[in-house]
>>> print(open('start.txt').read())   # compact mmCIF, C-alpha atoms
# COMPACT_ATOMS: atom_id res chain seq x y z
CA MET A 19 22.52 -4.26 -5.66
CA HIS A 20 20.10 -7.15 -5.31
CA GLU A 21 16.84 -6.50 -3.48
CA GLU A 22 18.04 -8.41 -0.41
CA THR A 23 21.09 -6.16 -0.10
CA LYS A 24 18.99 -3.03 -0.63
CA CYS A 25 16.80 -4.06 2.33
CA VAL A 26 19.88 -3.95 4.55
CA GLN A 27 22.01 -1.22 2.99
CA SER A 28 19.88 1.32 1.10
CA GLY A 29 18.80 4.69 2.41
CA TYR A 30 21.60 5.46 4.86
CA ASN A 31 25.31 5.46 4.12
CA PRO A 32 27.29 6.72 7.14
CA LYS A 33 30.47 8.64 6.48
CA ASN A 34 33.72 8.34 8.36
CA GLY A 35 33.11 8.59 12.10
CA GLU A 36 29.30 8.74 11.81
CA PRO A 37 26.88 6.33 13.58
CA ARG A 38 26.63 2.88 11.98
CA VAL A 39 22.88 2.75 12.68
CA LEU A 40 20.50 5.40 11.34
CA PRO A 41 19.94 7.99 14.10
CA ILE A 42 16.53 9.22 15.19
CA PHE A 43 16.54 12.94 14.38
CA GLN A 44 13.91 13.92 16.92
CA SER A 45 13.87 17.63 16.10
CA THR A 46 11.18 19.88 14.70
CA THR A 47 13.60 22.36 13.18
CA TYR A 48 17.13 22.88 11.85
CA VAL A 49 19.72 25.66 12.24
CA TYR A 50 21.31 27.69 9.45
CA ASP A 51 23.96 30.39 9.49
CA SER A 52 22.33 32.79 7.07
CA PRO A 53 18.85 33.87 5.97
CA GLU A 54 19.92 33.38 2.34
CA GLU A 55 20.41 29.65 2.92
CA MET A 56 16.99 29.40 4.55
CA ALA A 57 15.39 31.31 1.68
CA GLU A 58 16.86 28.90 -0.87
CA LEU A 59 15.44 25.97 1.06
CA PHE A 60 11.97 27.55 1.06
CA ASP A 61 12.30 28.19 -2.68
CA LEU A 62 13.28 24.52 -3.23
CA LYS A 63 16.51 25.67 -4.87
CA ARG A 64 18.66 23.49 -2.63
CA GLU A 65 18.24 20.24 -0.74
CA GLY A 66 18.09 20.19 3.02
CA PHE A 67 15.83 20.22 6.04
CA PHE A 68 14.18 23.19 7.65
CA TYR A 69 11.01 21.86 9.31
CA THR A 70 10.03 18.27 10.05
CA ARG A 71 6.49 18.80 8.78
CA LEU A 72 8.06 18.79 5.31
CA ALA A 73 11.19 16.67 5.67
CA ASN A 74 13.32 15.02 8.33
CA PRO A 75 16.66 13.16 8.00
CA THR A 76 15.34 9.92 9.53
CA VAL A 77 12.21 9.95 7.38
CA ASP A 78 14.33 10.89 4.37
CA ALA A 79 16.47 7.76 4.81
CA LEU A 80 13.36 5.58 4.84
CA GLU A 81 12.02 7.34 1.74
CA LYS A 82 15.26 6.64 -0.08
CA LYS A 83 15.33 2.98 1.00
CA ILE A 84 11.81 2.18 -0.20
CA ALA A 85 12.24 4.20 -3.41
CA ASP A 86 15.38 2.19 -4.14
CA LEU A 87 13.59 -1.10 -3.48
CA ASP A 88 10.75 -0.11 -5.82
CA GLY A 89 12.91 1.42 -8.51
CA GLY A 90 11.39 4.88 -8.01
CA VAL A 91 13.01 8.32 -7.99
CA ALA A 92 11.63 9.70 -4.71
CA GLY A 93 9.50 8.86 -1.70
CA VAL A 94 7.19 10.86 0.55
CA GLY A 95 6.78 9.50 4.08
CA CYS A 96 3.26 9.92 5.45
CA ALA A 97 1.50 9.47 8.77
CA SER A 98 -0.35 6.35 7.57
CA GLY A 99 -1.24 4.39 4.48
CA MET A 100 -4.54 6.26 4.28
CA ALA A 101 -2.64 9.56 4.41
CA ALA A 102 -0.47 8.38 1.52
CA THR A 103 -3.55 7.56 -0.57
CA LEU A 104 -5.28 10.83 0.35
CA LEU A 105 -2.23 12.95 -0.49
CA THR A 106 -1.84 11.14 -3.80
CA ALA A 107 -5.47 11.84 -4.74
CA CYS A 108 -5.33 15.50 -3.70
CA THR A 109 -2.02 16.07 -5.50
CA LEU A 110 -3.58 14.87 -8.75
CA CYS A 111 -7.20 16.03 -8.50
CA ARG A 112 -9.25 19.19 -8.28
CA ALA A 113 -12.97 19.45 -7.52
CA GLY A 114 -14.79 18.27 -10.63
CA ASP A 115 -12.22 15.61 -11.46
CA ASN A 116 -12.75 11.86 -11.21
CA ILE A 117 -10.77 8.72 -10.52
CA ILE A 118 -11.27 5.05 -11.35
CA SER A 119 -10.70 2.35 -8.74
CA THR A 120 -11.18 -1.37 -8.52
CA SER A 121 -14.14 -2.08 -6.25
CA THR A 122 -12.26 -4.63 -4.15
CA VAL A 123 -9.90 -2.18 -2.45
CA TYR A 124 -9.43 -2.13 1.34
CA GLY A 125 -12.54 -0.93 3.20
CA GLY A 126 -10.92 2.31 4.40
CA THR A 127 -9.83 3.16 0.85
CA PHE A 128 -13.30 2.28 -0.47
CA ASN A 129 -14.84 4.70 2.02
CA LEU A 130 -12.29 7.43 1.20
CA PHE A 131 -12.97 7.12 -2.52
CA GLY A 132 -16.70 6.48 -2.32
CA THR A 133 -17.77 8.80 0.51
CA THR A 134 -15.14 11.33 1.55
CA LEU A 135 -13.59 12.43 -1.76
CA PRO A 136 -17.02 13.06 -3.34
CA LYS A 137 -17.65 15.60 -0.55
CA LEU A 138 -14.58 17.41 -1.89
CA GLY A 139 -15.94 17.26 -5.43
CA ILE A 140 -13.87 14.28 -6.61
CA GLU A 141 -15.90 11.42 -8.07
CA CYS A 142 -14.82 7.78 -7.92
CA ARG A 143 -15.94 5.30 -10.54
CA PHE A 144 -15.61 1.76 -9.21
CA VAL A 145 -14.93 -1.09 -11.60
CA SER A 146 -14.53 -4.83 -11.32
CA PRO A 147 -10.94 -6.00 -10.65
CA ARG A 148 -11.34 -8.10 -13.79
CA ALA A 149 -12.72 -5.28 -15.93
CA THR A 150 -11.74 -5.53 -19.58
CA LYS A 151 -9.85 -2.81 -21.43
CA GLU A 152 -13.10 -1.76 -23.08
CA GLU A 153 -14.91 -1.55 -19.73
CA LEU A 154 -12.11 0.55 -18.26
CA GLU A 155 -11.98 2.87 -21.26
CA ALA A 156 -15.74 3.43 -20.98
CA GLN A 157 -15.14 5.07 -17.59
CA ILE A 158 -12.41 7.45 -18.78
CA ASP A 159 -13.10 11.05 -19.78
CA ASP A 160 -11.04 14.24 -19.91
CA LYS A 161 -11.51 14.75 -16.15
CA THR A 162 -10.15 11.33 -15.16
CA ARG A 163 -6.86 11.69 -13.25
CA PHE A 164 -5.77 8.19 -12.27
CA LEU A 165 -6.62 4.51 -12.12
CA PHE A 166 -6.14 2.89 -8.71
CA CYS A 167 -5.76 -0.77 -7.78
CA GLU A 168 -4.14 -3.01 -5.17
CA THR A 169 -1.49 -5.57 -6.09
CA ILE A 170 -3.30 -7.99 -3.77
CA ALA A 171 -6.82 -6.88 -2.87
CA ASN A 172 -7.55 -6.72 0.84
CA CYS A 173 -9.65 -8.85 1.51
CA ALA A 174 -10.96 -10.11 -1.82
CA MET A 175 -7.47 -11.42 -2.73
CA TYR A 176 -7.61 -10.47 -6.42
CA VAL A 177 -4.15 -10.05 -7.93
CA ALA A 178 -3.95 -7.09 -10.30
CA ASP A 179 -3.50 -7.77 -13.99
CA PHE A 180 -1.04 -4.97 -14.68
CA SER A 181 -0.92 -5.65 -18.40
CA VAL A 182 -4.58 -4.59 -18.74
CA TYR A 183 -4.36 -1.55 -16.46
CA GLY A 184 -1.00 -0.44 -17.79
CA GLU A 185 -2.01 -0.63 -21.45
CA VAL A 186 -5.19 1.39 -20.88
CA CYS A 187 -3.40 4.05 -18.84
CA LYS A 188 -0.59 4.40 -21.35
CA LYS A 189 -3.04 4.74 -24.24
CA HIS A 190 -4.91 7.57 -22.52
CA GLY A 191 -1.95 9.36 -20.91
CA LEU A 192 -3.35 8.42 -17.50
CA LEU A 193 -1.53 7.67 -14.27
CA LEU A 194 -1.65 4.17 -12.78
CA VAL A 195 -1.48 4.23 -8.97
CA VAL A 196 -0.94 0.92 -7.16
CA ASP A 197 -1.23 0.04 -3.48
CA ASN A 198 1.54 -2.53 -3.03
CA THR A 199 1.13 -3.01 0.73
CA LEU A 200 0.45 -6.74 0.80
CA ALA A 201 3.06 -7.68 -1.79
CA THR A 202 5.94 -5.35 -0.82
CA PRO A 203 8.86 -4.78 -3.22
CA MET A 204 10.23 -8.21 -2.27
CA ILE A 205 7.36 -9.91 -4.08
CA CYS A 206 6.28 -7.40 -6.72
CA ARG A 207 7.52 -4.05 -8.04
CA PRO A 208 4.56 -2.48 -9.89
CA LEU A 209 6.72 0.19 -11.53
CA GLU A 210 8.20 -2.60 -13.66
CA TYR A 211 4.71 -3.39 -15.00
CA GLY A 212 3.43 0.04 -15.96
CA ALA A 213 2.58 1.69 -12.63
CA ASN A 214 3.61 5.32 -12.13
CA ILE A 215 3.00 5.81 -8.42
CA VAL A 216 3.10 3.22 -5.64
CA VAL A 217 1.61 3.70 -2.18
CA TYR A 218 2.09 1.70 1.00
CA SER A 219 0.80 1.30 4.44
CA THR A 220 4.27 0.86 5.93
CA THR A 221 2.43 -0.19 9.09
CA LYS A 222 2.18 -3.66 7.58
CA TYR A 223 4.98 -5.88 6.22
CA LEU A 224 7.52 -3.07 5.75
CA ASP A 225 7.57 -2.40 9.50
CA GLY A 226 6.71 -6.05 10.09
CA HIS A 227 6.39 -5.92 13.87
CA ALA A 228 3.19 -3.92 14.52
CA THR A 229 5.09 -1.10 16.21
CA SER A 230 4.75 1.87 13.83
CA VAL A 231 1.91 3.43 11.89
CA GLY A 232 3.06 5.00 8.64
CA GLY A 233 2.59 5.36 4.91
CA MET A 234 4.75 5.95 1.85
CA ILE A 235 4.26 7.39 -1.62
CA ILE A 236 6.82 6.35 -4.24
CA ASP A 237 7.15 8.47 -7.37
CA GLY A 238 8.19 6.23 -10.24
CA GLY A 239 9.59 9.14 -12.22
CA ASN A 240 8.33 7.43 -15.38
CA PHE A 241 5.43 9.73 -16.29
CA GLU A 242 5.72 12.88 -18.40
CA PHE A 243 3.48 15.49 -16.79
CA TYR A 244 4.79 18.47 -18.70
CA GLY A 245 2.72 19.06 -21.79
CA ASN A 246 0.02 16.57 -20.74
CA LYS A 247 -3.24 18.54 -20.77
CA ARG A 248 -4.84 16.03 -18.41
CA TYR A 249 -2.73 17.46 -15.55
CA PRO A 250 -3.02 21.27 -15.54
CA ASP A 251 -1.67 21.56 -11.99
CA PHE A 252 1.67 20.24 -13.24
CA ASN A 253 1.77 22.59 -16.21
CA GLU A 254 0.58 25.86 -14.68
CA PRO A 255 2.50 27.98 -12.14
CA ASP A 256 1.71 27.26 -8.50
CA GLU A 257 1.17 30.75 -7.12
CA SER A 258 1.14 29.34 -3.58
CA TYR A 259 4.77 28.35 -4.10
CA HIS A 260 6.48 31.21 -5.92
CA GLY A 261 5.06 30.26 -9.31
CA LEU A 262 6.82 26.90 -9.56
CA CYS A 263 5.79 24.65 -12.42
CA TYR A 264 6.15 21.11 -11.07
CA GLY A 265 6.12 19.31 -14.40
CA LYS A 266 8.71 21.63 -15.91
CA ASP A 267 10.93 22.60 -12.97
CA PHE A 268 11.33 19.21 -11.26
CA GLY A 269 11.34 16.71 -14.11
CA LYS A 270 11.04 13.10 -13.04
CA ALA A 271 10.41 14.01 -9.39
CA GLY A 272 7.64 16.50 -10.17
CA PHE A 273 4.90 14.47 -8.50
CA ALA A 274 6.81 13.81 -5.27
CA THR A 275 7.86 17.46 -5.07
CA LYS A 276 4.30 18.73 -5.47
CA ALA A 277 2.94 16.18 -2.98
CA ARG A 278 5.46 17.32 -0.38
CA ALA A 279 5.73 21.06 -1.07
CA GLN A 280 2.01 21.69 -1.40
CA TYR A 281 -0.08 18.99 0.21
CA MET A 282 2.21 17.74 2.96
CA ARG A 283 2.76 21.40 3.78
CA ASP A 284 -0.98 22.08 3.97
CA PHE A 285 -2.28 18.82 5.46
CA GLY A 286 0.56 18.10 7.87
CA ALA A 287 0.20 14.32 7.43
CA GLN A 288 3.91 13.63 7.91
CA MET A 289 5.55 10.49 9.28
CA ALA A 290 7.08 10.73 12.74
CA PRO A 291 10.88 10.25 12.96
CA LEU A 292 10.58 7.42 15.50
CA ASN A 293 8.13 5.53 13.28
CA ALA A 294 10.46 6.00 10.31
CA TYR A 295 13.38 4.66 12.36
CA LEU A 296 11.50 1.54 13.47
CA THR A 297 10.24 0.88 9.95
CA PHE A 298 13.75 1.35 8.58
CA LEU A 299 14.96 -1.37 10.96
CA GLY A 300 12.04 -3.62 10.07
CA ILE A 301 12.86 -3.52 6.37
CA GLU A 302 16.33 -4.92 7.08
CA THR A 303 14.70 -8.34 7.52
CA LEU A 304 11.96 -7.97 4.88
CA HIS A 305 13.80 -10.28 2.48
CA LEU A 306 13.87 -12.98 5.16
CA ARG A 307 10.31 -12.54 6.36
CA MET A 308 8.36 -12.47 3.09
CA PRO A 309 9.44 -15.96 1.95
CA ARG A 310 8.51 -17.36 5.37
CA HIS A 311 5.13 -15.61 5.38
CA SER A 312 4.47 -16.97 1.90
CA GLU A 313 5.57 -20.53 2.71
CA ASN A 314 3.43 -20.68 5.84
CA ALA A 315 0.42 -19.16 4.07
CA LEU A 316 0.62 -21.67 1.23
CA ARG A 317 0.72 -24.60 3.64
CA LEU A 318 -2.29 -23.20 5.49
CA ALA A 319 -4.22 -22.61 2.26
CA GLU A 320 -3.55 -26.19 1.17
CA MET A 321 -4.80 -27.51 4.49
CA LEU A 322 -7.92 -25.32 4.43
CA ALA A 323 -8.76 -26.53 0.93
CA GLU A 324 -9.06 -30.06 2.35
CA ASN A 325 -11.05 -29.18 5.48
CA ASP A 326 -14.74 -30.14 5.41
CA ASN A 327 -15.75 -27.12 7.53
CA VAL A 328 -14.42 -24.71 4.91
CA GLU A 329 -16.56 -23.70 1.93
CA TRP A 330 -13.86 -21.99 -0.13
CA VAL A 331 -10.27 -20.70 0.08
CA LYS A 332 -8.64 -17.74 -1.67
CA TYR A 333 -4.87 -17.61 -1.94
CA GLY A 334 -2.98 -16.79 -5.11
CA GLY A 335 -0.28 -19.35 -4.37
CA LEU A 336 -2.72 -22.25 -4.77
CA LYS A 337 -2.55 -23.78 -8.23
CA THR A 338 -6.33 -24.07 -8.24
CA ASP A 339 -6.85 -20.36 -7.44
CA GLU A 340 -8.05 -18.05 -10.22
CA ASN A 341 -5.25 -15.62 -9.37
CA TYR A 342 -2.47 -18.20 -9.70
CA PRO A 343 -1.57 -17.20 -13.30
CA TYR A 344 -1.11 -13.57 -12.23
CA VAL A 345 1.06 -14.61 -9.29
CA GLN A 346 3.28 -16.54 -11.69
CA LYS A 347 3.36 -13.61 -14.12
CA TYR A 348 4.08 -10.71 -11.76
CA PHE A 349 5.40 -12.06 -8.45
CA ASP A 350 8.97 -13.04 -7.62
CA LYS A 351 9.78 -16.72 -7.01
CA GLY A 352 6.09 -17.63 -6.87
CA MET A 353 5.66 -15.99 -3.44
CA ALA A 354 2.08 -14.90 -2.81
CA SER A 355 2.48 -13.11 0.54
CA GLY A 356 1.02 -14.03 3.91
CA MET A 357 -2.72 -13.36 3.81
CA VAL A 358 -5.31 -16.09 3.26
CA THR A 359 -9.08 -15.74 3.24
CA PHE A 360 -11.61 -18.53 3.48
CA GLY A 361 -15.31 -19.07 3.95
CA ILE A 362 -16.25 -20.95 7.08
CA LYS A 363 -19.43 -22.99 7.30
CA GLY A 364 -21.97 -21.54 9.68
CA GLY A 365 -21.82 -17.91 8.55
CA ARG A 366 -21.24 -15.20 11.16
CA GLU A 367 -21.96 -17.55 14.05
CA GLY A 368 -19.45 -20.04 12.74
CA ALA A 369 -16.92 -17.23 12.36
CA ILE A 370 -17.45 -16.18 15.97
CA ARG A 371 -17.00 -19.72 17.29
CA PHE A 372 -13.88 -20.19 15.19
CA GLN A 373 -12.21 -16.99 16.41
CA LYS A 374 -12.96 -17.71 20.04
CA ALA A 375 -11.38 -21.17 19.79
CA LEU A 376 -8.02 -19.91 18.49
CA LYS A 377 -5.00 -19.92 20.81
CA LEU A 378 -1.96 -18.93 18.74
CA PHE A 379 -3.83 -16.59 16.38
CA ARG A 380 -5.11 -13.43 18.05
CA ILE A 381 -8.03 -11.24 17.03
CA VAL A 382 -6.59 -7.84 16.09
CA THR A 383 -7.39 -5.03 13.65
CA HIS A 384 -4.21 -5.62 11.76
CA ILE A 385 -2.50 -7.79 9.21
CA ALA A 386 0.99 -8.35 7.88
CA ASP A 387 3.29 -8.49 10.86
CA SER A 388 5.40 -11.30 12.24
CA LYS A 389 2.64 -12.67 14.51
CA SER A 390 -0.34 -14.61 13.18
CA CYS A 391 -3.68 -12.89 13.55
CA VAL A 392 -7.27 -13.22 12.41
CA LEU A 393 -10.32 -11.03 11.77
CA HIS A 394 -13.90 -11.23 10.51
CA PRO A 395 -14.02 -8.21 8.14
CA ALA A 396 -17.81 -7.99 7.73
CA SER A 397 -18.21 -7.25 11.44
CA SER A 398 -15.03 -5.17 11.91
CA THR A 399 -12.91 -3.43 9.27
CA HIS A 400 -15.72 -3.35 6.71
CA ARG A 401 -18.71 -3.02 9.04
CA GLN A 402 -19.33 0.60 7.92
CA LEU A 403 -20.17 -0.62 4.42
CA SER A 404 -23.66 -1.44 3.23
CA ASP A 405 -24.59 -4.96 2.16
CA ALA A 406 -24.30 -3.86 -1.47
CA ASP A 407 -20.85 -2.35 -0.83
CA LEU A 408 -19.73 -5.53 0.94
CA ILE A 409 -20.69 -7.54 -2.13
CA ALA A 410 -18.82 -5.08 -4.37
CA CYS A 411 -15.74 -5.43 -2.17
CA GLY A 412 -15.93 -9.21 -2.27
CA ILE A 413 -16.71 -9.53 1.44
CA SER A 414 -19.16 -12.24 2.50
CA ASP A 415 -20.66 -12.96 5.92
CA ASN A 416 -18.56 -16.10 6.32
CA LEU A 417 -15.23 -14.63 5.16
CA ILE A 418 -12.35 -15.10 7.60
CA ARG A 419 -9.18 -13.09 6.99
CA VAL A 420 -6.04 -14.79 8.24
CA SER A 421 -2.69 -13.04 8.40
CA VAL A 422 -0.13 -15.82 8.61
CA GLY A 423 2.94 -15.02 10.66
CA ILE A 424 6.45 -16.41 10.69
CA GLU A 425 5.96 -18.91 13.52
CA ASN A 426 6.52 -22.64 13.04
CA ALA A 427 4.13 -23.88 10.35
CA GLU A 428 3.08 -26.93 12.36
CA ASP A 429 1.89 -24.74 15.23
CA ILE A 430 -0.04 -22.52 12.82
CA LEU A 431 -1.80 -25.46 11.20
CA ALA A 432 -2.61 -27.12 14.52
CA ASP A 433 -4.25 -23.96 15.91
CA ILE A 434 -6.42 -23.45 12.83
CA GLU A 435 -7.43 -27.13 12.64
CA ASN A 436 -8.42 -27.15 16.31
CA ALA A 437 -10.49 -23.96 15.96
CA LEU A 438 -12.26 -25.29 12.88
CA ALA A 439 -13.14 -28.47 14.76
CA GLU A 440 -14.55 -26.44 17.65
CA ALA A 441 -16.53 -24.20 15.30
CA LYS A 442 -18.01 -27.23 13.51
CA LYS A 443 -19.61 -28.46 16.74
CA GLY A 444 -22.14 -25.64 16.55
CA ASN A 445 -23.23 -26.34 12.97
>>> encode(input="start.txt", output="structure tokens")
Amino acid sequence: MHEETKCVQSGYNPKNGEPRVLPIFQSTTYVYDSPEEMAELFDLKREGFFYTRLANPTVDALEKKIADLDGGVAGVGCASGMAATLLTACTLCRAGDNIISTSTVYGGTFNLFGTTLPKLGIECRFVSPRATKEELEAQIDDKTRFLFCETIANCAMYVADFSVYGEVCKKHGLLLVVDNTLATPMICRPLEYGANIVVYSTTKYLDGHATSVGGMIIDGGNFEFYGNKRYPDFNEPDESYHGLCYGKDFGKAGFATKARAQYMRDFGAQMAPLNAYLTFLGIETLHLRMPRHSENALRLAEMLAENDNVEWVKYGGLKTDENYPYVQKYFDKGMASGMVTFGIKGGREGAIRFQKALKLFRIVTHIADSKSCVLHPASSTHRQLSDADLIACGISDNLIRVSVGIENAEDILADIENALAEAKKGN
């Protein structure tokens, strides 16, 4: 099926007489007729549901839908995008291991990798999003477990060059993990460009309506763990789970199985059935929304580039943007998603005046839903970072992050133009 049809049809296929719409299975537990059946479920010898902390039919349908869209073999629904990233890291790393990440990742991810994981004994080595193959290889040793990047960096707007990351990871038998939140499978499918695991904050475009917090891990099924000495936890028996060997016993779905059976079991960071249901519905219009987000964002970026109260604009859809070649190389139909960043004249004070003058755009700690919104990252989402960390993340004092919705483009442009004019009065 084409991606558009998968958005509508994948994940749930009702049988004769069953509900047309995916039901919400709001139950913690499931009934079986014999203890032998339950034992086989606990031993992972048969598929099924026995406790919603590990799996739930509604969440399972969403996992299947997103895995199908991405071209993966399995999904693991999580409580949030941060939970998805945390579970991925813990599934792959022990204390003493290290990871490599681009420095321009989302502020919450930067803090997880740079502050929290080191407390658990996992080191993060940050690199430039435009690091060369040689610079990346200089950071790799026998304790390196994965390279992490974002398809579109939030908020620095760098578009990942998968050819560089993928070649280095393949050469060293190393996993490439990609956060594809801002692109979604409708714009880019990182598994087609060398990624092995994809993570999402489903809270964003996949839900699309700011109703449901959630995250998703997609196992690409394209990495051979068994026999790879870099990943002992996939080659040695897991005594906490009856001596299972994930790389050997579960083949292509070894990573997803370990993430669920061990770390979802222990951390309890599962997605709620209601949130899965709402996200499942949201994805049915993903193929309609992403082109509109992208069209509106491009028009706004073009207007901002001509405004004399704007110092710079970053949007990969602009032909003058440094990321434009990567958008053309990796993204479908030239879409570049719905987020635009720009530098407003007047620094923080100018940013404050601009935000207060907006009418259509609202100030919220969110991006990537159907309504247009705005934020000043340096004083909000990234305010916990030091000045040096802000520079590393590509966040300046005058950076405005705009999430462009699917409203009429003329209304979007008029609101931004008016706010810029008001902000200019204070310069």
>>> closest_residue(input="start.txt", among="A:Glu152, A:Lys276, A:Pro37, A:Ser397", to="Gly125 in chain A", atoms="only C-alpha atoms")
A:Ser397
>>> closest_atom_pairs(input="start.txt", of="range 280-372 of chain A", to="range 227-239 of chain A", cutoff="7 Å", atoms="all atoms listed in the file", output="Markdown table")
| residue | atom | partner | partner_atom | distance |
| --- | --- | --- | --- | --- |
| A:Met289 | CA | A:Gly232 | CA | 6.1 |
| A:Asn293 | CA | A:Ser230 | CA | 5.0 |
| A:Leu296 | CA | A:Ser230 | CA | 6.8 |
| A:Thr297 | CA | A:Ser230 | CA | 6.8 |
>>> closest_residue(input="start.txt", among="A:Glu210, A:Glu425, A:Asp115, A:Glu435", to="Tyr348 in chain A", atoms="only C-alpha atoms")
A:Glu210
>>> closest_residue(input="start.txt", among="A:Ala439, A:Leu376, A:Val216, A:Ala386", to="Asn325 in chain A", atoms="only C-alpha atoms")
A:Ala439
>>> residues_around(input="start.txt", residues="Val422 in chain A", least_positions_apart="3", cutoff="7 Å", atoms="only C-alpha atoms", output="VMD selection string")
chain A and resid 311 314 to 315 356 to 357 390 to 391
>>> write_last_selection(input="start.txt", atoms="C-alpha atoms", output="CSV table (one decimal), in the frame of the given file")
chain,number,residue,atom,x,y,z
A,311,HIS,CA,5.1,-15.6,5.4
A,314,ASN,CA,3.4,-20.7,5.8
A,315,ALA,CA,0.4,-19.2,4.1
A,356,GLY,CA,1.0,-14.0,3.9
A,357,MET,CA,-2.7,-13.4,3.8
A,390,SER,CA,-0.3,-14.6,13.2
A,391,CYS,CA,-3.7,-12.9,13.6
